[in-house]
file protein27.csv (CSV, C-alpha atoms and all ligand atoms)
chain,number,residue,atom,x,y,z
A,18,MET,CA,0.0,0.0,0.0
A,19,ALA,CA,1.3,3.5,-0.8
A,20,SER,CA,1.7,5.9,2.2
A,21,PRO,CA,-1.5,7.8,2.9
A,22,PRO,CA,-1.2,11.4,1.6
A,23,SER,CA,-0.2,13.9,4.3
A,24,LEU,CA,-2.9,16.3,5.5
A,25,LEU,CA,-0.3,18.6,6.9
A,26,PRO,CA,0.4,21.8,4.9
A,27,ALA,CA,3.8,21.8,3.2
A,28,SER,CA,6.2,24.3,4.7
A,29,GLU,CA,6.0,26.4,1.4
A,30,PRO,CA,2.7,27.4,-0.1
A,31,SER,CA,2.0,25.6,-3.4
A,32,ALA,CA,1.6,27.4,-6.6
A,33,GLY,CA,-1.8,29.2,-6.9
A,34,GLU,CA,-2.3,29.6,-3.2
A,35,ASP,CA,-3.0,33.1,-2.3
A,36,GLU,CA,-0.4,33.7,0.4
A,37,GLU,CA,-1.2,37.3,0.9
A,38,SER,CA,-4.9,36.8,1.4
A,39,HIS,CA,-4.3,33.9,3.7
A,40,ARG,CA,-2.1,36.0,5.9
A,41,GLU,CA,-4.8,38.7,5.9
A,42,VAL,CA,-7.4,36.1,7.1
A,43,TYR,CA,-5.2,35.3,10.1
A,44,GLU,CA,-4.2,38.9,10.8
A,45,GLN,CA,-7.8,40.1,11.0
A,46,LEU,CA,-8.7,37.2,13.4
A,47,ARG,CA,-5.6,37.9,15.5
A,48,GLN,CA,-6.7,41.4,15.9
A,49,LEU,CA,-10.3,40.3,16.8
A,50,VAL,CA,-9.1,37.7,19.3
A,51,SER,CA,-6.8,40.2,21.0
A,52,THR,CA,-9.9,42.1,22.0
A,53,TYR,CA,-11.4,39.1,23.7
A,54,PRO,CA,-11.1,39.0,27.5
A,55,THR,CA,-8.2,37.0,29.0
A,56,VAL,CA,-7.7,34.9,32.1
A,57,PRO,CA,-4.5,33.5,33.6
A,58,SER,CA,-3.7,30.0,32.4
A,59,GLY,CA,-0.9,29.1,34.9
A,60,LEU,CA,1.5,29.1,31.9
A,61,ASP,CA,3.4,32.0,30.3
A,62,THR,CA,0.6,33.3,28.2
A,63,PRO,CA,-3.0,33.8,29.3
A,64,TYR,CA,-6.1,32.1,27.8
A,65,HIS,CA,-8.5,34.1,25.7
A,66,ARG,CA,-12.2,33.6,26.1
A,67,HIS,CA,-14.1,32.7,22.9
A,68,PRO,CA,-17.6,34.2,22.4
A,69,ASP,CA,-18.9,30.6,22.6
A,70,GLY,CA,-17.8,30.5,26.2
A,71,TRP,CA,-14.5,28.5,26.2
A,72,TYR,CA,-10.9,29.4,26.5
A,73,THR,CA,-7.7,28.7,24.7
A,74,PHE,CA,-4.4,30.4,23.7
A,75,LEU,CA,-4.5,33.1,21.1
A,76,PRO,CA,-2.8,31.4,18.2
A,77,ALA,CA,-4.9,28.3,18.6
A,78,MET,CA,-8.1,30.3,18.9
A,79,VAL,CA,-7.3,32.1,15.6
A,80,SER,CA,-6.7,28.7,14.0
A,81,VAL,CA,-10.0,27.4,15.3
A,82,MET,CA,-11.7,30.4,13.7
A,83,VAL,CA,-9.9,29.8,10.4
A,84,ALA,CA,-11.0,26.2,10.5
A,85,GLN,CA,-14.6,27.3,11.2
A,86,ARG,CA,-14.6,29.5,8.1
A,87,HIS,CA,-12.5,27.4,5.7
A,88,PHE,CA,-12.8,23.7,6.6
A,89,THR,CA,-15.3,21.9,4.3
A,90,ALA,CA,-16.1,18.4,5.7
A,91,ARG,CA,-17.1,15.6,3.4
A,92,ASP,CA,-19.4,12.7,4.3
A,93,THR,CA,-16.4,10.3,4.0
A,94,ASP,CA,-14.3,12.2,6.6
A,95,ILE,CA,-13.6,10.6,10.0
A,96,ILE,CA,-13.0,13.2,12.7
A,97,ILE,CA,-11.6,12.4,16.2
A,98,THR,CA,-12.8,14.9,18.7
A,99,THR,CA,-11.5,15.0,22.3
A,100,PHE,CA,-10.8,17.1,25.3
A,101,PRO,CA,-7.0,17.1,25.6
A,102,LYS,CA,-5.4,14.2,27.5
A,103,CYS,CA,-8.3,11.9,27.2
A,104,GLY,CA,-6.8,9.4,24.8
A,105,THR,CA,-6.3,11.3,21.6
A,106,THR,CA,-3.0,9.8,20.6
A,107,TRP,CA,-4.1,6.2,21.3
A,108,LEU,CA,-7.3,6.7,19.3
A,109,LYS,CA,-5.5,8.3,16.4
A,110,ALA,CA,-3.2,5.3,16.2
A,111,LEU,CA,-6.1,2.7,16.4
A,112,LEU,CA,-8.1,4.6,13.8
A,113,PHE,CA,-5.3,5.1,11.4
A,114,ALA,CA,-4.3,1.4,11.6
A,115,THR,CA,-7.9,0.3,11.2
A,116,VAL,CA,-8.7,2.5,8.2
A,117,HIS,CA,-5.4,2.0,6.3
A,118,ARG,CA,-4.8,-1.7,7.1
A,119,ASP,CA,-3.9,-4.0,4.3
A,120,GLY,CA,-3.2,-7.1,6.3
A,121,GLY,CA,0.3,-7.2,5.1
A,122,GLY,CA,-0.5,-8.6,1.6
A,123,GLY,CA,0.9,-12.0,1.3
A,124,GLY,CA,3.5,-11.4,4.1
A,125,GLY,CA,1.2,-11.6,7.1
A,126,VAL,CA,0.1,-9.0,9.6
A,127,GLU,CA,3.7,-8.1,10.6
A,128,ASP,CA,4.1,-6.6,7.1
A,129,ASP,CA,0.9,-4.4,7.3
A,130,ALA,CA,1.8,-1.0,5.7
A,131,ALA,CA,-0.3,1.0,8.2
A,132,LEU,CA,1.5,-0.6,11.1
A,133,ALA,CA,4.8,0.1,9.5
A,134,GLN,CA,3.7,3.8,9.3
A,135,LEU,CA,3.0,3.8,13.0
A,136,ARG,CA,6.4,2.5,13.8
A,137,ALA,CA,7.9,5.3,11.7
A,138,ARG,CA,5.7,8.3,12.5
A,139,ASN,CA,4.0,9.7,15.5
A,140,PRO,CA,0.1,9.4,15.5
A,141,HIS,CA,-0.2,13.2,15.5
A,142,GLU,CA,1.6,13.3,12.1
A,143,LEU,CA,-0.7,10.6,10.7
A,144,VAL,CA,-4.0,12.1,11.9
A,145,PRO,CA,-3.4,15.9,12.3
A,146,PHE,CA,-5.3,18.3,14.4
A,147,LEU,CA,-7.3,20.9,12.4
A,148,GLU,CA,-6.5,23.8,14.7
A,149,ILE,CA,-3.0,22.9,15.8
A,150,GLN,CA,-1.5,21.5,12.7
A,151,VAL,CA,-3.6,22.1,9.6
A,152,TYR,CA,-4.7,25.7,9.9
A,153,VAL,CA,-1.4,27.1,11.1
A,154,ARG,CA,1.5,29.2,9.7
A,155,ASP,CA,-1.0,31.7,8.2
A,156,ARG,CA,-2.0,29.0,5.7
A,157,VAL,CA,-5.4,28.0,4.4
A,158,PRO,CA,-4.4,24.7,2.8
A,159,ASP,CA,-6.5,23.2,0.1
A,160,LEU,CA,-7.6,19.8,1.4
A,161,SER,CA,-10.2,19.1,-1.4
A,162,SER,CA,-8.0,16.9,-3.5
A,163,LEU,CA,-7.1,14.5,-0.7
A,164,PRO,CA,-8.5,11.0,-1.2
A,165,ALA,CA,-11.2,9.6,1.1
A,166,PRO,CA,-11.3,8.9,3.9
A,167,ARG,CA,-9.6,11.9,5.4
A,168,LEU,CA,-8.7,11.3,9.0
A,169,LEU,CA,-8.5,14.4,11.1
A,170,ALA,CA,-8.7,15.4,14.8
A,171,THR,CA,-9.7,18.3,16.9
A,172,HIS,CA,-10.1,19.5,20.4
A,173,ILE,CA,-12.6,22.2,19.3
A,174,PRO,CA,-15.7,22.3,21.6
A,175,ARG,CA,-18.9,21.2,20.0
A,176,PRO,CA,-20.5,24.7,19.7
A,177,SER,CA,-17.5,26.0,17.7
A,178,LEU,CA,-16.9,23.0,15.5
A,179,PRO,CA,-16.9,23.9,11.8
A,180,ALA,CA,-20.5,23.7,10.8
A,181,SER,CA,-19.8,21.5,7.8
A,182,ILE,CA,-18.8,18.6,10.1
A,183,ALA,CA,-22.3,18.1,11.4
A,184,ALA,CA,-23.9,19.0,8.0
A,185,SER,CA,-21.8,16.6,6.0
A,186,GLY,CA,-22.9,13.6,8.1
A,187,CYS,CA,-19.3,12.5,8.4
A,188,LYS,CA,-18.3,10.1,11.2
A,189,VAL,CA,-17.2,11.7,14.4
A,190,VAL,CA,-15.5,9.7,17.2
A,191,TYR,CA,-15.3,11.2,20.7
A,192,ILE,CA,-13.2,9.8,23.5
A,193,CYS,CA,-13.4,11.0,27.1
A,194,ARG,CA,-11.7,10.0,30.3
A,195,ASP,CA,-12.1,10.2,34.0
A,196,PRO,CA,-11.6,13.9,34.7
A,197,LYS,CA,-9.3,13.2,37.6
A,198,ASP,CA,-6.8,11.2,35.4
A,199,CYS,CA,-7.3,13.8,32.7
A,200,LEU,CA,-6.4,16.6,35.1
A,201,VAL,CA,-3.3,14.8,36.3
A,202,SER,CA,-2.2,14.1,32.7
A,203,LEU,CA,-2.8,17.8,31.7
A,204,TRP,CA,-0.8,19.0,34.7
A,205,HIS,CA,2.2,16.9,33.8
A,206,PHE,CA,1.9,17.9,30.2
A,207,HIS,CA,1.9,21.6,31.1
A,208,ASP,CA,4.6,21.3,33.6
A,209,ALA,CA,6.8,19.6,31.0
A,210,GLN,CA,6.6,22.8,29.0
A,211,ARG,CA,7.6,25.1,31.8
A,212,PRO,CA,11.3,26.0,32.5
A,213,GLU,CA,10.5,25.1,36.2
A,214,PRO,CA,7.9,22.5,37.0
A,215,ARG,CA,5.3,23.7,39.5
A,216,GLY,CA,5.6,20.5,41.5
A,217,ASP,CA,2.1,21.1,43.0
A,218,VAL,CA,-1.2,20.3,41.3
A,219,GLY,CA,-3.1,22.9,43.2
A,220,GLU,CA,-3.2,25.7,40.7
A,221,GLU,CA,-4.1,23.4,37.8
A,222,PHE,CA,-6.8,21.8,39.9
A,223,ARG,CA,-8.4,25.2,40.7
A,224,LEU,CA,-8.3,26.3,37.0
A,225,PHE,CA,-9.7,22.9,35.9
A,226,CYS,CA,-12.6,23.1,38.4
A,227,ASP,CA,-13.4,26.6,37.2
A,228,GLY,CA,-13.6,25.4,33.6
A,229,VAL,CA,-10.4,27.2,32.7
A,230,SER,CA,-8.3,24.7,30.7
A,231,PRO,CA,-7.0,24.5,27.1
A,232,VAL,CA,-10.4,24.3,25.4
A,233,GLY,CA,-12.5,25.4,28.4
A,234,SER,CA,-14.6,23.3,30.7
A,235,TYR,CA,-13.9,19.6,30.6
A,236,TRP,CA,-17.6,19.0,31.6
A,237,ASP,CA,-19.1,21.3,29.0
A,238,HIS,CA,-16.9,19.7,26.3
A,239,VAL,CA,-17.8,16.1,27.2
A,240,LEU,CA,-21.6,16.9,27.7
A,241,ALA,CA,-22.0,18.6,24.4
A,242,TYR,CA,-20.4,15.7,22.5
A,243,TRP,CA,-22.4,13.2,24.6
A,244,ARG,CA,-25.7,15.0,23.7
A,245,TRP,CA,-24.7,15.0,20.1
A,246,HIS,CA,-24.0,11.2,20.3
A,247,VAL,CA,-27.4,10.6,21.9
A,248,GLU,CA,-29.1,12.6,19.2
A,249,ARG,CA,-27.1,11.2,16.3
A,250,PRO,CA,-25.6,7.8,17.3
A,251,GLY,CA,-25.0,6.9,13.7
A,252,GLN,CA,-22.8,9.9,13.2
A,253,VAL,CA,-21.1,10.3,16.6
A,254,LEU,CA,-19.5,7.4,18.5
A,255,PHE,CA,-18.8,8.0,22.2
A,256,MET,CA,-16.0,6.0,23.8
A,257,THR,CA,-14.1,6.2,27.1
A,258,TYR,CA,-10.5,5.7,27.8
A,259,GLU,CA,-11.5,3.3,30.6
A,260,GLU,CA,-13.6,1.1,28.3
A,261,LEU,CA,-10.8,1.1,25.8
A,262,SER,CA,-8.3,0.0,28.5
A,263,ALA,CA,-10.5,-2.7,29.8
A,264,ASP,CA,-11.3,-4.3,26.4
A,265,THR,CA,-9.2,-2.8,23.7
A,266,LEU,CA,-10.0,-5.5,21.2
A,267,GLY,CA,-13.8,-5.2,21.7
A,268,GLN,CA,-13.6,-1.4,21.4
A,269,LEU,CA,-11.4,-1.6,18.4
A,270,ARG,CA,-14.0,-3.8,16.7
A,271,ARG,CA,-16.7,-1.4,17.7
A,272,LEU,CA,-14.7,1.5,16.2
A,273,ALA,CA,-14.0,-0.5,13.0
A,274,GLU,CA,-17.8,-1.2,12.6
A,275,PHE,CA,-18.6,2.4,13.2
A,276,VAL,CA,-16.3,3.7,10.5
A,277,GLY,CA,-17.5,1.1,8.0
A,278,ARG,CA,-14.4,-1.0,8.0
A,279,PRO,CA,-15.5,-4.0,10.2
A,280,PHE,CA,-12.9,-6.8,10.5
A,281,THR,CA,-13.9,-9.8,8.3
A,282,GLY,CA,-14.0,-13.3,9.6
A,283,GLU,CA,-10.8,-13.9,7.6
A,284,GLU,CA,-9.1,-11.0,9.1
A,285,ARG,CA,-10.1,-12.1,12.6
A,286,ALA,CA,-8.7,-15.5,11.9
A,287,ALA,CA,-5.5,-14.0,10.7
A,288,ARG,CA,-5.5,-11.9,13.9
A,289,VAL,CA,-5.3,-8.6,12.1
A,290,ASP,CA,-7.3,-6.9,14.8
A,291,GLU,CA,-5.1,-8.3,17.6
A,292,ALA,CA,-2.0,-7.1,15.7
A,293,ILE,CA,-3.5,-3.5,15.7
A,294,VAL,CA,-4.2,-3.6,19.4
A,295,LYS,CA,-0.7,-4.7,20.1
A,296,ALA,CA,0.9,-2.2,17.8
A,297,CYS,CA,-1.1,0.6,19.3
A,298,SER,CA,-0.5,-0.4,22.9
A,299,PHE,CA,1.2,2.1,25.2
A,300,GLU,CA,4.4,-0.1,25.3
A,301,SER,CA,4.6,-0.4,21.5
A,302,LEU,CA,4.0,3.2,20.7
A,303,ALA,CA,6.1,4.6,23.6
A,304,GLY,CA,8.9,2.3,22.8
A,305,ALA,CA,9.1,3.2,19.1
A,306,GLU,CA,12.3,5.1,18.3
A,307,VAL,CA,10.3,7.9,16.6
A,308,ASN,CA,8.3,8.4,19.8
A,309,ARG,CA,11.3,8.3,22.1
A,310,SER,CA,13.5,10.7,20.2
A,311,GLY,CA,11.4,12.5,17.6
A,312,THR,CA,9.3,15.6,17.5
A,313,VAL,CA,6.0,16.8,16.0
A,314,GLU,CA,5.2,20.3,15.1
A,315,LEU,CA,2.2,21.7,17.0
A,316,MET,CA,1.2,25.3,16.8
A,317,GLU,CA,4.4,25.9,14.8
A,318,GLU,CA,6.6,24.6,17.7
A,319,PRO,CA,8.4,21.3,17.8
A,320,MET,CA,6.9,19.1,20.6
A,321,ARG,CA,8.7,16.0,21.8
A,322,ASN,CA,6.7,12.9,20.9
A,323,ALA,CA,7.6,11.4,24.2
A,324,GLU,CA,5.4,14.0,25.9
A,325,PHE,CA,2.4,12.1,24.7
A,326,PHE,CA,3.4,8.9,26.5
A,327,ARG,CA,3.6,9.2,30.2
A,328,ARG,CA,2.0,6.3,32.1
A,329,GLY,CA,-1.0,5.3,30.1
A,330,VAL,CA,-3.0,3.8,33.0
A,331,VAL,CA,-6.5,4.1,34.4
A,332,GLY,CA,-6.8,5.5,38.0
A,333,GLY,CA,-3.3,6.9,38.5
A,334,TRP,CA,-4.8,10.1,40.1
A,335,PRO,CA,-4.5,9.1,43.8
A,336,ASN,CA,-0.7,9.5,43.5
A,337,TYR,CA,-1.3,13.2,42.9
A,338,LEU,CA,-4.8,14.4,44.0
A,339,SER,CA,-5.9,14.5,47.6
A,340,LEU,CA,-9.2,12.9,48.5
A,341,GLU,CA,-10.8,16.3,48.9
A,342,MET,CA,-9.7,17.3,45.4
A,343,ALA,CA,-11.1,14.0,44.0
A,344,THR,CA,-14.3,14.4,45.8
A,345,ARG,CA,-14.7,17.9,44.5
A,346,ILE,CA,-14.2,16.8,40.9
A,347,ASP,CA,-16.6,13.9,41.4
A,348,GLU,CA,-19.2,16.3,42.8
A,349,ILE,CA,-18.9,18.6,39.9
A,350,THR,CA,-19.1,15.7,37.5
A,351,GLU,CA,-22.2,14.4,39.2
A,352,SER,CA,-24.0,17.7,39.2
A,353,LYS,CA,-23.0,18.5,35.6
A,354,PHE,CA,-23.9,15.1,34.2
A,355,LYS,CA,-27.1,14.6,36.2
A,356,GLY,CA,-30.0,13.7,33.9
A,357,SER,CA,-27.8,13.4,30.8
A,358,GLY,CA,-27.6,9.6,31.0
A,359,LEU,CA,-23.8,9.8,31.0
A,360,VAL,CA,-22.1,7.9,33.8
A,361,LEU,CA,-18.3,7.6,33.7
A,362,PRO,CA,-17.0,4.2,34.8
A,363,THR,CA,-14.6,5.5,37.4
A,364,MET,CA,-16.6,8.0,39.4
A,365,MET,CA,-16.2,7.5,43.1
A,366,THR,CA,-19.5,8.8,44.2
A,367,MET,CA,-22.0,7.3,41.8
B,401,LIG,P1,-3.5,15.1,23.5
B,401,LIG,O1,-5.0,15.3,23.7
B,401,LIG,O2,-2.7,16.2,23.9
B,401,LIG,O3,-3.2,14.5,22.1
B,401,LIG,P2,-3.7,12.5,24.7
B,401,LIG,O4,-3.1,11.5,23.8
B,401,LIG,O5,-5.2,12.5,24.8
B,401,LIG,O6,-3.1,13.9,24.5
B,401,LIG,O7,-3.3,12.2,26.2
B,401,LIG,C1,-2.1,11.6,26.6
B,401,LIG,C2,-2.4,10.5,27.6
B,401,LIG,O8,-2.7,9.3,26.9
B,401,LIG,C3,-1.3,10.2,28.5
B,401,LIG,O9,-1.9,9.8,29.7
B,401,LIG,P3,-1.1,9.9,31.1
B,401,LIG,O10,-0.5,11.2,31.3
B,401,LIG,O11,-2.2,9.6,32.1
B,401,LIG,O12,-0.1,8.8,31.1
B,401,LIG,C4,-0.6,9.1,27.8
B,401,LIG,O13,0.3,8.3,28.5
B,401,LIG,C5,-1.8,8.3,27.3
B,401,LIG,N1,-1.5,7.4,26.2
B,401,LIG,C6,-0.9,7.7,25.0
B,401,LIG,N2,-0.8,6.7,24.2
B,401,LIG,C7,-1.4,5.7,24.8
B,401,LIG,C8,-1.7,4.3,24.5
B,401,LIG,N3,-1.2,3.8,23.4
B,401,LIG,N4,-2.4,3.6,25.4
B,401,LIG,C9,-2.8,4.1,26.6
B,401,LIG,N5,-2.6,5.4,26.9
B,401,LIG,C10,-1.9,6.2,26.1

call {"tool": "encode", "arguments": {"input": "protein27.csv", "output": "C-alpha cells"}}
result
Amino acid sequence: MASPPSLLPASEPSAGEDEESHREVYEQLRQLVSTYPTVPSGLDTPYHRHPDGWYTFLPAMVSVMVAQRHFTARDTDIIITTFPKCGTTWLKALLFATVHRDGGGGGGVEDDAALAQLRARNPHELVPFLEIQVYVRDRVPDLSSLPAPRLLATHIPRPSLPASIAASGCKVVYICRDPKDCLVSLWHFHDAQRPEPRGDVGEEFRLFCDGVSPVGSYWDHVLAYWRWHVERPGQVLFMTYEELSADTLGQLRRLAEFVGRPFTGEERAARVDEAIVKACSFESLAGAEVNRSGTVELMEEPMRNAEFFRRGVVGGWPNYLSLEMATRIDEITESKFKGSGLVLPTMMTM
C-alpha cells in the first residue's frame, strides 16, 4: 500500500495559493481575538475567552476560527474529537491502523503497511489536528484533492466546531476519560513545557474546576459531545479511555464497525485486529524510536513525541490528588452530568 497522503500543509505554499490573502485572514482574526477577555492560564501566556464560552491560547483560537470558516467536511471524513489528555494519541493510532490496514498482503500482519507507518511516524503526524497542525502558519491549505477517507482530529468544543462537520454527516469519534486522570495528565503535560515544573497540582486543579483549561470546561466539552451522540448515534461514536483500556480489542472492533471497516472473519482468523491492538499499545508506541526521540510540530513549535506517552494507565490520580480534590471533581461531574444519561465508569460517588 502506498503511504496515505499527508494532510499537513507543506512548509512552502503551493503554486496558486494566495499567500497574501491567507495572511490577511489570520491577521484580521488575530486582531479580533486580541480584543477578547483573557484569564491567567498558569502558563506563560493567558487564555482568551471565545464568544462561545470556552478558553484557549491566542494562536490556537485564531486557527479554530480559520477552521470554522474554511474547513469543508465531506461525508467520507472521519474526525476524532477530544478534550485534551483523554486518549487522543491512542485513538489516532487505532483509527489510522484500522482504516489504512492492508493485512500485510501475502507477508502476514507483521508486514501491514499502516503498522509500518505507525512504527515510523507519531500518530499526530498521521492524523493531524485541524486547529493545531492544519490551519497554522498563516495558511489555508486546500484539502479538497485529498482522497477519502480523510482522518482528522480536533479539540474544538462542539459549539464552535466547523458547521460543515455536522452538516456533512461524516463520522465523528469522541473519547473521554475520568476527569481526575485527565487533570493529572494535563498538569504533567503543562509542567513539562515550563522551565520550572510547578511540582504542585493545586493551581491546575483550581483552574480545571473553574472550567479554565486548554479548550474550556472539561464538563461542557464532554456533555456537548455526549448529547450529540445521543441525538445522532449513527454519526457520533462516544468512547471512554477506561472502556478502551478494559477491552481494547472489543472497542477496536466497535470502532471499525462504526467507520464502516469491520474486521472480516478472515481478518479475525489472521489476527489482524489483535495485531493492531498490540501495535497501538502504550508499550509499543512509547517504545518506538520515533516516539522516544522524535518531535512533531504543534502550533508551529516542535513538541517532543515522548510528551504524549507518560504512564497510560487508568486510575493513576490518587498519586497526585488529595481525597478532597477527587471528591470535589466527582461532585462537579455528578451535578453537571445529572439527567444526561452519561455515567463515567470510574466516578467514586456514583
Ligand atoms: P492530546 O490530547 O494532547 O493529544 P492524549 O493523547 O489525549 O493527549 O493524552 C495523553 C495521555 O494518553 C497520556 O496519559 P497519562 O498522562 O495519564 O499517562 C498518555 O500516557 C496516554 N496514552 C498515550 N498513548 C497511549 C496508549 N497507546 N495507550 C494508553 N494510553 C496512552

call {"tool": "closest_atom_pairs", "arguments": {"input": "protein27.csv", "of": "chain A", "to": "ligand LIG 401 (chain B)", "cutoff": "6 Å", "atoms": "all atoms listed in the file", "output": "CSV"}}
result
residue,atom,partner,partner_atom,distance
A:Pro101,CA,B:LIG401,O1,3.3
A:Lys102,CA,B:LIG401,O7,3.2
A:Cys103,CA,B:LIG401,O5,4.0
A:Gly104,CA,B:LIG401,O5,3.5
A:Thr105,CA,B:LIG401,O5,3.6
A:Thr106,CA,B:LIG401,O4,3.6
A:Trp107,CA,B:LIG401,N3,4.3
A:Asp198,CA,B:LIG401,O11,5.9
A:Ser202,CA,B:LIG401,O10,3.6
A:Cys297,CA,B:LIG401,N3,5.2
A:Ser298,CA,B:LIG401,N3,4.3
A:Phe299,CA,B:LIG401,N3,3.4
A:Leu302,CA,B:LIG401,N3,5.9
A:Phe325,CA,B:LIG401,C1,4.9
A:Phe326,CA,B:LIG401,O13,3.7
A:Arg327,CA,B:LIG401,O13,3.8
A:Arg328,CA,B:LIG401,O12,3.4
A:Gly329,CA,B:LIG401,N5,3.6
A:Val330,CA,B:LIG401,O11,5.9

call {"tool": "atom_distance", "arguments": {"input": "protein27.csv", "atom1": "CA of Ala137 in chain A", "atom2": "CA of Val81 in chain A"}}
result
28.7 Å

call {"tool": "atom_distance", "arguments": {"input": "protein27.csv", "atom1": "CA of Arg167 in chain A", "atom2": "CA of Tyr191 in chain A"}}
result
16.3 Å

call {"tool": "residues_around", "arguments": {"input": "protein27.csv", "residues": "Val239 in chain A", "least_positions_apart": "4", "cutoff": "10 Å", "atoms": "all atoms listed in the file", "output": "PDB file with C-alpha atoms, in the coordinates of the input"}}
result
ATOM      1  CA  THR A  98     -12.800  14.900  18.700  1.00  0.00           C
ATOM      2  CA  THR A  99     -11.500  15.000  22.300  1.00  0.00           C
ATOM      3  CA  PHE A 100     -10.800  17.100  25.300  1.00  0.00           C
ATOM      4  CA  PRO A 174     -15.700  22.300  21.600  1.00  0.00           C
ATOM      5  CA  ARG A 175     -18.900  21.200  20.000  1.00  0.00           C
ATOM      6  CA  TYR A 191     -15.300  11.200  20.700  1.00  0.00           C
ATOM      7  CA  ILE A 192     -13.200   9.800  23.500  1.00  0.00           C
ATOM      8  CA  CYS A 193     -13.400  11.000  27.100  1.00  0.00           C
ATOM      9  CA  ARG A 194     -11.700  10.000  30.300  1.00  0.00           C
ATOM     10  CA  PRO A 196     -11.600  13.900  34.700  1.00  0.00           C
ATOM     11  CA  SER A 234     -14.600  23.300  30.700  1.00  0.00           C
ATOM     12  CA  TYR A 235     -13.900  19.600  30.600  1.00  0.00           C
ATOM     13  CA  TRP A 243     -22.400  13.200  24.600  1.00  0.00           C
ATOM     14  CA  ARG A 244     -25.700  15.000  23.700  1.00  0.00           C
ATOM     15  CA  TRP A 245     -24.700  15.000  20.100  1.00  0.00           C
ATOM     16  CA  PHE A 255     -18.800   8.000  22.200  1.00  0.00           C
ATOM     17  CA  PHE A 354     -23.900  15.100  34.200  1.00  0.00           C
ATOM     18  CA  LEU A 359     -23.800   9.800  31.000  1.00  0.00           C
TER      19      LEU A 359
END

call {"tool": "residues_around", "arguments": {"input": "protein27.csv", "residues": "range 306-310 of chain A", "least_positions_apart": "2", "cutoff": "8 Å", "atoms": "all atoms listed in the file", "output": "ChimeraX atom specification"}}
result
/A:136-139,302-304,312,321-323

call {"tool": "closest_residue", "arguments": {"input": "protein27.csv", "among": "A:His205, A:Ala286, A:Met78, A:His117", "to": "Asp217 in chain A", "atoms": "only C-alpha atoms"}}
result
A:His205

call {"tool": "build_atoms", "arguments": {"input": "protein27.csv", "residues": "range 130-134 of chain A", "atoms": "all heavy atoms", "output": "mmCIF file, in the coordinates of the input"}}
result
data_model
loop_
_atom_site.group_PDB
_atom_site.id
_atom_site.type_symbol
_atom_site.label_atom_id
_atom_site.label_comp_id
_atom_site.auth_asym_id
_atom_site.auth_seq_id
_atom_site.Cartn_x
_atom_site.Cartn_y
_atom_site.Cartn_z
ATOM 1 N N ALA A 130 1.149 -2.346 6.036
ATOM 2 C CA ALA A 130 1.800 -1.000 5.700
ATOM 3 C C ALA A 130 1.378 0.036 6.725
ATOM 4 O O ALA A 130 2.189 0.918 7.030
ATOM 5 C CB ALA A 130 1.337 -0.619 4.313
ATOM 6 N N ALA A 131 0.142 -0.011 7.244
ATOM 7 C CA ALA A 131 -0.300 1.000 8.200
ATOM 8 C C ALA A 131 0.510 0.843 9.511
ATOM 9 O O ALA A 131 0.908 1.828 10.138
ATOM 10 C CB ALA A 131 -1.767 0.918 8.465
ATOM 11 N N LEU A 132 0.736 -0.395 9.904
ATOM 12 C CA LEU A 132 1.500 -0.600 11.100
ATOM 13 C C LEU A 132 2.960 -0.175 10.945
ATOM 14 O O LEU A 132 3.584 0.347 11.874
ATOM 15 C CB LEU A 132 1.426 -2.080 11.581
ATOM 16 C CG LEU A 132 0.014 -2.584 11.937
ATOM 17 C CD1 LEU A 132 0.083 -3.972 12.585
ATOM 18 C CD2 LEU A 132 -0.714 -1.630 12.873
ATOM 19 N N ALA A 133 3.460 -0.331 9.738
ATOM 20 C CA ALA A 133 4.800 0.100 9.500
ATOM 21 C C ALA A 133 4.875 1.671 9.593
ATOM 22 O O ALA A 133 5.839 2.227 10.131
ATOM 23 C CB ALA A 133 5.254 -0.276 8.054
ATOM 24 N N GLN A 134 3.815 2.333 9.123
ATOM 25 C CA GLN A 134 3.700 3.800 9.300
ATOM 26 C C GLN A 134 3.755 4.206 10.737
ATOM 27 O O GLN A 134 4.383 5.187 11.119
ATOM 28 C CB GLN A 134 2.431 4.323 8.654
ATOM 29 C CG GLN A 134 2.378 4.279 7.157
ATOM 30 C CD GLN A 134 2.961 5.544 6.554
ATOM 31 O OE1 GLN A 134 2.877 6.617 7.140
ATOM 32 N NE2 GLN A 134 3.584 5.413 5.406
#
